[in-house]
Each structure stands twice: as C-alpha cells, then as structure tokens.
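The file upload_37.cif comes next; it holds mmCIF, C-alpha atoms.
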data_upload
loop_
_atom_site.label_atom_id
_atom_site.label_comp_id
_atom_site.auth_asym_id
_atom_site.auth_seq_id
_atom_site.Cartn_x
_atom_site.Cartn_y
_atom_site.Cartn_z
CA MET A 119 36.31 -102.20 18.32
CA SER A 120 33.16 -103.66 16.83
CA ALA A 121 31.57 -100.51 15.47
CA THR A 122 32.65 -97.77 13.10
CA LYS A 123 30.74 -94.65 12.19
CA SER A 124 29.63 -93.84 8.68
CA VAL A 125 30.11 -90.35 7.22
CA PRO A 126 26.80 -88.45 7.56
CA THR A 127 26.65 -84.73 8.09
CA SER A 128 26.62 -85.12 11.88
CA LEU A 129 28.95 -83.10 14.03
CA ARG A 130 30.08 -86.10 16.10
CA VAL A 131 30.66 -88.40 13.20
CA VAL A 132 32.37 -85.82 11.01
CA ALA A 133 34.62 -84.82 13.89
CA ALA A 134 35.65 -88.39 14.69
CA VAL A 135 36.34 -89.14 11.04
CA ALA A 136 38.19 -85.85 10.74
CA VAL A 137 41.01 -87.03 12.99
CA VAL A 138 41.70 -89.99 10.73
CA VAL A 139 41.27 -87.83 7.63
CA VAL A 140 43.73 -85.18 8.72
CA LEU A 141 46.26 -87.65 10.03
CA ALA A 142 46.12 -89.60 6.77
CA GLY A 143 46.24 -86.53 4.54
CA LEU A 144 42.93 -87.37 2.88
CA LEU A 145 40.90 -84.35 3.93
CA GLY A 146 40.82 -82.86 0.45
CA ILE A 147 39.40 -86.02 -1.10
CA ARG A 148 36.63 -86.28 1.48
CA LEU A 149 35.56 -82.65 1.40
CA LEU A 150 35.42 -82.59 -2.39
CA ALA A 151 33.46 -85.81 -2.71
CA LEU A 152 30.03 -84.22 -2.61
CA GLU A 153 28.24 -83.09 -5.76
CA THR A 154 28.75 -79.41 -6.56
CA PRO A 155 25.68 -77.28 -7.33
CA PRO A 156 25.95 -74.15 -9.50
CA ALA A 157 26.80 -70.81 -7.96
CA THR A 158 24.06 -68.26 -7.47
CA GLY A 159 26.17 -65.33 -8.62
CA ALA A 160 26.03 -63.56 -5.24
CA ALA A 161 28.33 -60.55 -4.96
CA ALA A 162 31.50 -61.16 -2.97
CA PRO A 163 31.64 -59.24 0.34
CA ARG A 164 34.43 -56.76 1.03
CA PRO A 165 36.37 -56.87 4.30
CA PRO A 166 37.04 -53.81 6.46
CA ALA A 167 40.51 -52.34 6.17
CA ALA A 168 42.97 -53.76 8.66
CA VAL A 169 46.52 -53.44 9.93
CA VAL A 170 48.70 -56.40 10.88
CA PRO A 171 51.11 -55.50 13.69
CA PRO A 172 54.70 -56.73 13.58
CA PRO A 173 55.52 -59.94 15.45
CA ARG A 174 56.44 -59.66 19.09
CA VAL A 175 60.17 -59.98 19.65
CA ALA A 176 60.90 -62.76 22.12
CA ALA A 177 64.23 -63.18 23.86
CA PRO A 178 65.58 -66.71 23.29
CA GLU A 179 65.67 -67.36 27.04
CA SER A 180 61.93 -66.67 27.25
CA LEU A 181 61.14 -69.50 24.83
CA ALA A 182 60.57 -72.90 26.39
CA VAL A 183 59.67 -76.27 24.90
CA PRO A 184 56.32 -77.37 26.44
CA CYS A 185 56.32 -80.92 27.79
CA TRP A 186 53.15 -82.31 26.23
CA GLY A 187 54.10 -85.79 27.44
CA CYS A 188 54.35 -84.77 31.10
CA PRO A 189 51.56 -85.53 33.61
CA GLU A 190 50.63 -81.86 34.00
CA ALA A 191 49.74 -81.71 30.30
CA GLU A 192 46.71 -83.90 30.98
CA GLY A 193 44.72 -80.85 32.05
CA TRP A 194 46.01 -78.47 29.38
CA PRO A 195 43.70 -77.21 26.67
CA LEU A 196 44.86 -78.33 23.24
CA ARG A 197 46.27 -74.95 22.31
CA PHE A 198 49.77 -73.72 21.59
CA ARG A 199 51.61 -73.00 24.80
CA THR A 200 54.00 -70.83 22.80
CA ASP A 201 52.66 -67.34 22.13
CA LEU A 202 51.93 -67.27 18.40
CA GLU A 203 52.29 -63.49 18.46
CA VAL A 204 56.03 -64.10 18.09
CA LEU A 205 55.39 -65.62 14.64
CA ALA A 206 52.15 -64.17 13.27
CA PRO A 207 50.01 -61.66 15.20
CA LEU A 208 46.35 -61.45 14.24
CA GLY A 209 45.24 -58.45 12.25
CA THR A 210 43.11 -55.61 13.60
CA GLY A 211 40.21 -55.84 11.14
CA THR A 212 36.76 -55.50 12.66
CA GLY A 213 35.06 -57.81 10.17
CA ASN A 214 34.11 -61.44 10.64
CA ALA A 215 36.33 -63.56 8.37
CA ALA A 216 33.60 -66.21 8.28
CA GLU A 217 31.58 -63.87 6.07
CA PHE A 218 33.97 -64.74 3.26
CA PHE A 219 34.42 -68.46 3.90
CA LYS A 220 30.76 -69.30 4.54
CA ASP A 221 29.86 -68.83 0.87
CA PHE A 222 31.94 -71.84 -0.20
CA ALA A 223 30.13 -74.27 2.11
CA LYS A 224 28.61 -77.53 0.91
CA PRO A 225 26.00 -78.33 -0.24
CA ASN A 226 24.56 -74.97 -1.32
CA GLY A 227 27.07 -72.18 -0.69
CA SER A 228 26.62 -69.32 -3.13
CA ARG A 229 30.27 -69.62 -4.29
CA LEU A 230 30.74 -73.36 -4.05
CA SER A 231 31.29 -73.72 -7.78
CA GLU A 232 34.13 -71.18 -7.52
CA ALA A 233 35.81 -73.31 -4.88
CA THR A 234 35.57 -76.34 -7.13
CA ALA A 235 36.95 -74.36 -10.08
CA ALA A 236 39.87 -73.20 -7.92
CA VAL A 237 40.73 -76.80 -7.11
CA ALA A 238 40.90 -77.53 -10.83
CA ARG A 239 43.37 -74.63 -11.28
CA ARG A 240 45.89 -76.03 -8.83
CA VAL A 241 49.40 -76.88 -9.93
CA ASP A 242 52.11 -79.03 -8.41
CA GLY A 243 53.51 -77.36 -5.33
CA PRO A 244 56.84 -77.74 -3.54
CA PRO A 245 57.54 -81.04 -1.74
CA GLY A 246 55.19 -81.52 1.20
CA LEU A 247 52.52 -79.09 -0.04
CA ASP A 248 50.79 -81.21 -2.68
CA LYS A 249 48.73 -79.14 -5.17
CA VAL A 250 48.58 -75.35 -4.75
CA LEU A 251 46.98 -72.38 -6.47
CA PRO A 252 49.10 -70.24 -8.81
CA ALA A 253 50.76 -67.30 -7.08
CA ASP A 254 48.46 -64.74 -8.74
CA ASP A 255 45.24 -66.77 -8.52
CA PRO A 256 42.27 -64.40 -8.06
CA LEU A 257 40.81 -66.38 -5.16
CA LEU A 258 44.15 -66.33 -3.39
CA LEU A 259 44.37 -62.56 -3.77
CA GLU A 260 40.74 -61.97 -2.76
CA ALA A 261 41.16 -63.96 0.44
CA GLU A 262 44.23 -62.09 1.68
CA PRO A 263 42.52 -59.15 3.44
CA TRP A 264 40.05 -61.52 5.10
CA CYS A 265 42.96 -63.09 6.93
CA ASP A 266 43.80 -59.67 8.37
CA GLN A 267 40.59 -59.64 10.40
CA ALA A 268 40.70 -60.24 14.14
CA THR A 269 37.84 -62.74 14.39
CA MET A 270 36.18 -65.64 12.61
CA ARG A 271 32.77 -66.81 13.85
CA PHE A 272 30.51 -69.21 11.95
CA TYR A 273 28.13 -70.15 14.79
CA PRO A 274 25.40 -69.04 15.15
CA GLU A 275 25.96 -66.04 12.86
CA PHE A 276 25.91 -68.13 9.67
CA PHE A 277 25.51 -71.80 10.63
CA LYS A 278 23.12 -73.35 13.11
CA VAL A 279 24.32 -75.57 15.95
CA ASP A 280 22.27 -78.67 15.16
CA GLY A 281 23.83 -81.76 16.67
CA TRP A 282 24.48 -84.49 14.11
CA SER A 283 23.54 -82.12 11.29
CA THR A 284 25.58 -79.05 12.25
CA GLN A 285 26.73 -77.27 9.10
CA LEU A 286 30.47 -77.14 8.45
CA PRO A 287 32.42 -74.64 6.35
CA ASN A 288 34.13 -76.01 3.25
CA LEU A 289 37.48 -76.58 4.91
CA ILE A 290 39.30 -77.51 1.75
CA VAL A 291 39.21 -73.79 0.86
CA PRO A 292 41.32 -72.49 3.79
CA LEU A 293 43.62 -75.49 3.55
CA ASN A 294 44.24 -74.77 -0.13
CA LEU A 295 44.80 -71.08 0.58
CA ALA A 296 47.31 -71.71 3.38
CA ARG A 297 49.32 -74.18 1.33
CA SER A 298 49.28 -71.83 -1.65
CA TRP A 299 50.50 -68.83 0.34
CA VAL A 300 53.31 -70.90 1.78
CA ALA A 301 54.27 -72.14 -1.69
CA ARG A 302 54.30 -68.55 -2.94
CA GLY A 303 56.45 -67.51 0.00
CA MET A 304 58.90 -70.30 -0.66
CA SER A 305 59.43 -69.03 -4.19
CA ALA A 306 59.76 -65.35 -3.19
CA THR A 307 63.18 -63.74 -3.53
CA ASP A 308 62.32 -60.99 -1.04
CA PRO A 309 62.47 -62.38 2.53
CA ALA A 310 59.92 -59.82 3.76
CA ARG A 311 57.39 -60.85 1.11
CA ALA A 312 58.01 -64.49 1.93
CA MET A 313 57.36 -63.90 5.62
CA GLU A 314 54.11 -62.08 4.77
CA ASP A 315 52.78 -65.20 3.10
CA PHE A 316 53.94 -67.58 5.82
CA ARG A 317 52.38 -65.39 8.51
CA ARG A 318 49.15 -65.12 6.55
CA ALA A 319 48.82 -68.91 6.58
CA ILE A 320 49.36 -68.95 10.34
CA ARG A 321 46.80 -66.18 10.89
CA LEU A 322 44.25 -68.16 8.91
CA GLY A 323 44.94 -71.18 11.08
CA ARG A 324 44.56 -69.10 14.23
CA LEU A 325 41.24 -67.77 13.00
CA LEU A 326 39.96 -71.28 12.28
CA ARG A 327 40.88 -72.43 15.78
CA GLN A 328 39.52 -69.34 17.46
CA GLU A 329 35.85 -70.35 17.66
CA ASP A 330 36.47 -73.83 19.10
CA VAL A 331 33.16 -75.40 18.05
CA THR A 332 34.05 -78.35 15.80
CA VAL A 333 37.02 -80.67 15.95
CA ILE A 334 37.54 -80.82 12.21
CA ALA A 335 37.83 -77.03 11.83
CA ASP A 336 40.33 -76.99 14.67
CA LEU A 337 42.45 -79.67 12.99
CA VAL A 338 42.48 -77.81 9.69
CA GLY A 339 43.48 -74.64 11.53
CA LEU A 340 46.28 -76.58 13.19
CA ALA A 341 47.46 -77.79 9.78
CA CYS A 342 47.51 -74.22 8.43
CA ILE A 343 49.64 -73.09 11.37
CA ARG A 344 52.03 -75.97 10.82
CA VAL A 345 52.73 -75.22 7.15
CA GLY A 346 53.16 -71.52 7.88
CA ALA A 347 55.51 -72.18 10.79
CA GLN A 348 57.54 -74.55 8.63
CA GLY A 349 57.93 -71.83 6.03
CA ILE A 350 59.07 -69.32 8.65
CA HIS A 351 61.52 -71.79 10.16
CA ASP A 352 63.14 -72.72 6.87
CA ARG A 353 63.42 -69.10 5.71
CA ALA A 354 64.78 -67.95 9.07
CA VAL A 355 67.46 -70.63 8.93
CA LYS A 356 68.36 -69.53 5.41
CA GLU A 357 68.59 -65.89 6.46
CA GLY A 358 70.54 -66.67 9.62
CA ASP A 359 67.83 -65.49 12.03
CA GLY A 360 68.41 -67.96 14.86
CA ARG A 361 65.91 -66.43 17.27
CA LEU A 362 63.02 -66.63 14.80
CA ALA A 363 64.05 -70.12 13.70
CA LEU A 364 63.99 -71.25 17.34
CA ALA A 365 60.52 -69.85 17.94
CA ALA A 366 59.20 -71.51 14.78
CA ALA A 367 60.84 -74.82 15.73
CA ILE A 368 59.14 -74.80 19.12
CA VAL A 369 55.77 -74.12 17.49
CA LEU A 370 56.37 -76.96 15.04
CA GLY A 371 57.20 -79.23 17.97
CA GLU A 372 53.81 -78.47 19.50
CA HIS A 373 51.88 -79.45 16.38
CA ALA A 374 52.11 -83.25 16.54
CA PRO A 375 51.17 -83.56 20.25
CA GLN A 376 48.03 -81.49 19.72
CA ARG A 377 47.04 -83.52 16.68
CA LEU A 378 47.62 -86.86 18.39
CA LEU A 379 46.03 -85.80 21.66
CA THR A 380 42.93 -84.77 19.71
CA SER A 381 42.56 -88.37 18.60
CA ALA A 382 43.21 -89.64 22.13
CA ARG A 383 40.67 -87.32 23.72
CA LEU A 384 37.98 -88.28 21.21
CA THR A 385 38.70 -91.95 21.79
CA ARG A 386 38.31 -91.45 25.53
CA THR A 387 34.61 -90.64 25.14
CA ASP A 388 33.81 -92.68 22.04
CA LEU A 389 30.68 -94.84 22.21
CA THR A 390 31.32 -96.98 19.16
CA PRO A 391 33.08 -99.88 20.97
CA TYR A 392 29.92 -100.42 23.01
CA LEU A 393 27.27 -100.29 20.28
CA ARG A 394 25.80 -103.45 18.80
CA LYS A 395 23.13 -104.11 16.22
CA SER A 396 20.37 -106.53 17.20
CA GLY A 397 18.60 -108.97 14.92
CA ASP A 398 15.91 -106.40 14.10
CA ALA A 399 18.60 -103.87 13.01
CA LYS A 400 18.20 -101.72 16.11
CA LEU A 401 21.16 -100.44 18.06
CA THR A 402 21.88 -101.43 21.63
CA LEU A 403 24.41 -99.86 23.97
CA ALA A 404 26.38 -101.77 26.59
CA LEU A 405 28.16 -98.81 28.15
CA PRO A 406 30.48 -99.32 31.13
CA ASP A 407 29.85 -96.85 33.91
CA ALA A 408 33.52 -95.81 33.78
CA ARG A 409 33.10 -94.69 30.16
CA LEU A 410 29.94 -92.78 31.07
CA GLU A 411 31.87 -91.01 33.84
CA ALA A 412 34.48 -89.94 31.30
CA ILE A 413 31.83 -88.59 28.93
CA LEU A 414 30.07 -86.70 31.73
CA ALA A 415 33.35 -85.18 32.93
CA VAL A 416 34.30 -83.93 29.47
CA ALA A 417 30.80 -82.61 28.76
CA LYS A 418 30.78 -80.69 32.02
CA GLY A 419 34.25 -79.25 32.25
CA ASP A 420 36.77 -79.93 29.49
CA PRO A 421 38.90 -76.82 28.86
CA ASP A 422 38.20 -77.08 25.10
CA ARG A 423 34.66 -76.34 23.98
CA ARG A 424 34.87 -78.60 20.93
CA PHE A 425 35.44 -81.68 23.10
CA ARG A 426 32.62 -80.64 25.41
CA CYS A 427 30.26 -80.44 22.44
CA GLU A 428 31.39 -83.87 21.24
CA ALA A 429 30.65 -85.41 24.62
CA ILE A 430 27.32 -83.59 24.91
CA ILE A 431 26.19 -85.05 21.59
CA GLU A 432 27.26 -88.52 22.79
CA LEU A 433 24.86 -88.06 25.71
CA ASN A 434 21.96 -88.01 23.24
CA VAL A 435 22.73 -91.68 22.52
CA VAL A 436 23.14 -92.48 26.22
CA ARG A 437 19.82 -90.80 26.97
CA LEU A 438 18.13 -93.13 24.49
CA LEU A 439 20.04 -96.41 24.76
CA GLY A 440 21.74 -96.44 28.16
CA THR A 441 20.51 -98.23 31.25
CA GLY A 442 17.87 -96.50 33.36
CA PRO A 443 20.39 -94.94 35.75
CA GLN A 444 22.63 -93.95 32.84
CA GLN A 445 19.74 -92.28 31.05
CA GLY A 446 18.92 -90.38 34.22
CA ARG A 447 22.45 -89.10 34.66
CA ALA A 448 22.70 -88.07 31.02
CA SER A 449 19.36 -86.25 31.12
CA GLY A 450 20.25 -84.52 34.37
CA LEU A 451 23.51 -83.11 33.07
CA LEU A 452 21.93 -82.05 29.78
CA ALA A 453 19.29 -80.08 31.70
CA GLU A 454 22.08 -78.39 33.65
CA LEU A 455 24.16 -77.60 30.57
CA ALA A 456 21.17 -76.21 28.68
CA ALA A 457 21.30 -73.26 31.09
CA GLU A 458 25.02 -72.57 30.57
CA ARG A 459 26.13 -69.05 29.73
CA ASP A 460 28.18 -70.31 26.79
CA PRO A 461 25.60 -70.14 23.96
CA ILE A 462 27.26 -72.88 21.88
CA VAL A 463 27.40 -75.33 24.78
CA ALA A 464 23.83 -74.46 25.75
CA ALA A 465 22.52 -74.91 22.20
CA THR A 466 24.28 -78.27 21.88
CA ALA A 467 22.85 -79.42 25.20
CA VAL A 468 19.34 -78.33 24.19
CA TRP A 469 19.67 -80.31 20.97
CA SER A 470 20.92 -83.39 22.82
CA ARG A 471 18.22 -83.09 25.46
CA ASP A 472 15.30 -82.51 23.12
CA THR A 473 16.14 -84.51 19.99
CA GLN A 474 14.22 -87.78 20.04
CA SER A 475 16.57 -90.00 18.08
CA SER A 476 15.30 -93.53 17.57
CA ALA A 477 17.35 -96.71 17.71
CA GLU A 478 16.47 -97.26 14.08
CA GLY A 479 17.49 -93.73 13.15
CA LEU A 480 20.80 -94.06 14.96
CA ALA A 481 21.48 -97.23 13.00
CA GLY A 482 21.64 -94.94 9.97
CA VAL A 483 24.27 -92.80 11.67
CA PHE A 484 26.42 -95.67 12.89
CA ARG A 485 27.73 -98.64 10.94
CA VAL A 486 27.78 -101.39 13.53
CA GLU A 487 28.59 -105.07 13.42
CA GLU A 488 25.84 -107.41 14.52
#

Target format structure tokens, applied to this file:
Amino acid sequence: MSATKSVPTSLRVVAAVAVVVVLAGLLGIRLLALETPPATGAAAPRPPAAVVPPPRVAAPESLAVPCWGCPEAEGWPLRFRTDLEVLAPLGTGTGNAAEFFKDFAKPNGSRLSEATAAVARRVDGPPGLDKVLPADDPLLLEAEPWCDQATMRFYPEFFKVDGWSTQLPNLIVPLNLARSWVARGMSATDPARAMEDFRRAIRLGRLLRQEDVTVIADLVGLACIRVGAQGIHDRAVKEGDGRLALAAAIVLGEHAPQRLLTSARLTRTDLTPYLRKSGDAKLTLALPDARLEAILAVAKGDPDRRFRCEAIIELNVVRLLGTGPQQGRASGLLAELAAERDPIVAATAVWSRDTQSSAEGLAGVFRVEE
C-alpha cells in the first residue's frame, strides 16, 4: 500500500482507523486525545422506567457453533448468529439511550468535561480490563437505567449524517462503563448481582450495534459484548452452570471472526492503495475496474448498513477522481441510492452525490506518498 489516511473527523477515515485502533487496544488514547472544553452545566436527562426480562433458557442441543470460516459465511451480516437473548435480553424502556450518551461527545458535548473527569477517577481493574471506574462511581450508577432502554439512535435525532464530517459519540464513555460493570461483577459475592453487571455490559454493546451507521461504534459495541460475555462465562463455570457457560463460550467464539471480518470487508473496498499525489500536491486515482465493482456491490446491497455507508462515501472520491466511465457509474448509483427508503443510506448518498470535494481538499483527508 502506498497511501494511508490521516485522522480527520470524517466517517470513512475514522471508521478505517477504528479497526486498527480497536484491534490494537488503543481506542481510549485516540478518543481522549482531543482538547476538552468546559461543560455547560446542562441538566442530566432522566430515562423512562424499564424492566429487563430474564434471559431466554436455551437447551444445550439448540446451541450451535457458527462456522464463520465456511463459504456460506461470506454473505452473512456481521452480527451474532447466536441469539443474545440467552445471555442478556434488552430492556423494555421506551427512551432513546442516545439521549444520555450524546452529551459526552467531542468537541462540544455539554457533559464532556464530566467524561474526562471520570477517566481521571479510574483505578486499576482486574487483568484484561485495564483501568475501570470505582464500583460506586456516580457516572456508573447514573448510566445504569439508560442501558435498560430498548433502543439507541444517534442519527439523525442528535447527530447529522455528513459524510467525512459525521459526528461520532464519545465512545470511550460506553467502553469505560462496560469494563467497569464487568469489574464490579467480578468482585461481587452474590452471583445474581454479578450477572446483572455482566448483562448490563452486553446490553450496552447491543444498543451500540443496533443502529448500524458507523463502523467504529459497532466495534466498540462488539467489545462491550465480549467483556460481558467473558464475565458470564467465567462466573457460570465457577457456579457450575454448564448450559450458561456453553452459551457464553459460543458468543465469545463469534467475537473474533466479526472483528477480523470487519477489517477484511473494509479492506475490500479501500481506495488508499490506488491514490497517488502528483507534483502539484493533488491526488490522482488509478482505480482498477474490479475494485470499483466491489465498491458498487457493497454500496448497493451489503447486508450491513455501516459497510454500505462506507462504500457510498468512497464513491464521492471515485466521482471526482475516477476515469470518465468510472465517474459515470459512481454518479449513477449515487442518484439511485439517494432515493432509497433507508434514510441513513439516502442521506449518505445525497452527501456523496452533492459534495464537491476537490483534489486539493482530499489531499488534506488522505496522507499519500508521492
């Protein structure tokens, strides 16, 4: 590869970097690197009351290990094939959990300074969990009922779908919360209380993955599910609950394939190997038609919306820098997708179709070798 992307606030770039960040365990460093403005003192919202149903009881014979390495997995959405209701059902709350998490967003969330202060309060956690919040931390307690809600939607309720500049939630907050709940559960003497915390971490991960708009939020949700499932597995083994331990083990086995296949599917449509910088610092694109076909296919029909949006944003570059026929194909599909019933896909296509990026401007988004 001769080109690597820098780290602007673009959806495509952040998502591509996110795979490396999550795999390397450096997400916290990256998300905390920006300067923190003062809080505005806005009042914290209150969630609607909710009930969390008990997990579904699954007979051991009904649990199967999905073959993510088999040919049929090529067309699977990157979602758990195992029903997560057997570990941690979602709550019944009618509120939008994003109403709580949106206020911690960078660069100007009304509670961003509180998120930074919470990071400073962290203590050493159990092995594998890094730093965690104290068991009675006020932010940890405040967040609990928000994870009993049934939905989490950031777009377009709170954040605008805006191509390279799409706003992201501050994902270090849910990651810290999930790790901290799991740490608290690991130290609990009461198995029921421990399972509450482990399941809460999984519910938070499920909520983060629910909207399926950005790759990085999906990866953080996946990480939350993993730490919660690990907690359930280890406690179930300790308590002699073989059926629950089996279910948790299968879920844990599905984590790595989804994480690695995320990287593979992003690489499949990545433009960076074909970008070059000319002598006048402008970008050029030498895109093979086979790679364009892959991008068009994902943009039109991938089973995961987040990968569709990634490919659609790539088409903005093709529309500007591709060959004449390539530009025509990109523009034609964007016009078609702009009329899609899915509002997120349509908004992304409209952005990609109408945004007049320049070769010079894109040079500020990509770091490319001459």

Tell me which residues the PyMOL selection byres ((chain A and resi 461-475) around 6) grabs here, as a JSON list (two decimals) with C-alpha atoms, in the coordinates of the input.
[["chain", "number", "residue", "atom", "x", "y", "z"],
["A", 431, "ILE", "CA", 26.19, -85.05, 21.59],
["A", 434, "ASN", "CA", 21.96, -88.01, 23.24],
["A", 452, "LEU", "CA", 21.93, -82.05, 29.78],
["A", 455, "LEU", "CA", 24.16, -77.60, 30.57],
["A", 456, "ALA", "CA", 21.17, -76.21, 28.68],
["A", 458, "GLU", "CA", 25.02, -72.57, 30.57],
["A", 459, "ARG", "CA", 26.13, -69.05, 29.73],
["A", 460, "ASP", "CA", 28.18, -70.31, 26.79],
["A", 476, "SER", "CA", 15.30, -93.53, 17.57]]

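Distances to Arg302 (chain A) were evaluated for A:Ile413, A:Pro252, A:Tyr273, A:Ile350 using all atoms listed in the file, and the minimum falls at A:Pro252.
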
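Straight-line separation from CA of Thr390 (chain A) to CA of Pro443 (chain A): 20.0 Å.
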
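Each of A:Leu403, A:Leu384, A:Leu295, A:Ala233 was compared to Val416 (chain A) using all atoms listed in the file, and A:Leu384 turns out to be the nearest.
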
Please report the interatomic distance between CA of Gln376 (chain A) and CA of Arg327 (chain A) in Å with one decimal.
12.2 Å

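Non-sequential neighbours of region 306-318 of chain A (distance at most 7 Å, separation of 4 or more positions within a chain, all atoms listed in the file) are Leu205, Ala206, Cys265, Trp299, Val300, Arg302, Leu322, Gly346, Ala347, Gly349 and Ile350 of chain A.
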
(55.7, -78.6, 14.7) in this file's frame - what residues fall within 12 Å of it? Use all atoms listed in the file and give the answer as an NGL selection string.
:A and (183-184 or 198 or 200 or 340-351 or 363-377)

Can you tell me which residues surround region 257-260 of chain A at a distance of at most 8 Å, considering only C-alpha atoms, apart from same-chain residues fewer than 4 positions away, and format the answer as a list in words?
Ala236, Leu251, Ala253, Trp264, Leu295, Ser298 and Trp299 of chain A

Any chance you could resolve the PyMOL selection byres ((chain A and resi 176) around 9) against this file and give the residues as a PDB file with C-alpha atoms, in the frame of the given file?
ATOM      1  CA  ARG A 174      56.440 -59.660  19.090  1.00  0.00           C
ATOM      2  CA  VAL A 175      60.170 -59.980  19.650  1.00  0.00           C
ATOM      3  CA  ALA A 177      64.230 -63.180  23.860  1.00  0.00           C
ATOM      4  CA  PRO A 178      65.580 -66.710  23.290  1.00  0.00           C
ATOM      5  CA  GLU A 179      65.670 -67.360  27.040  1.00  0.00           C
ATOM      6  CA  SER A 180      61.930 -66.670  27.250  1.00  0.00           C
ATOM      7  CA  LEU A 181      61.140 -69.500  24.830  1.00  0.00           C
ATOM      8  CA  VAL A 204      56.030 -64.100  18.090  1.00  0.00           C
ATOM      9  CA  ARG A 361      65.910 -66.430  17.270  1.00  0.00           C
ATOM     10  CA  LEU A 362      63.020 -66.630  14.800  1.00  0.00           C
ATOM     11  CA  ALA A 365      60.520 -69.850  17.940  1.00  0.00           C
TER      12      ALA A 365
END

A straight line from CA of Arg409 (chain A) to CA of Val436 (chain A) spans 10.9 Å

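Applied to this file, the PyMOL selection byres ((chain A and resi 170-172) around 6) selects A:Val169, A:Pro173, A:Gly209.
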
Which of these residues is nearest to Ala335 (chain A), using all atoms listed in the file: A:Arg426, A:Arg164, A:Arg271, A:Arg447?
A:Arg271
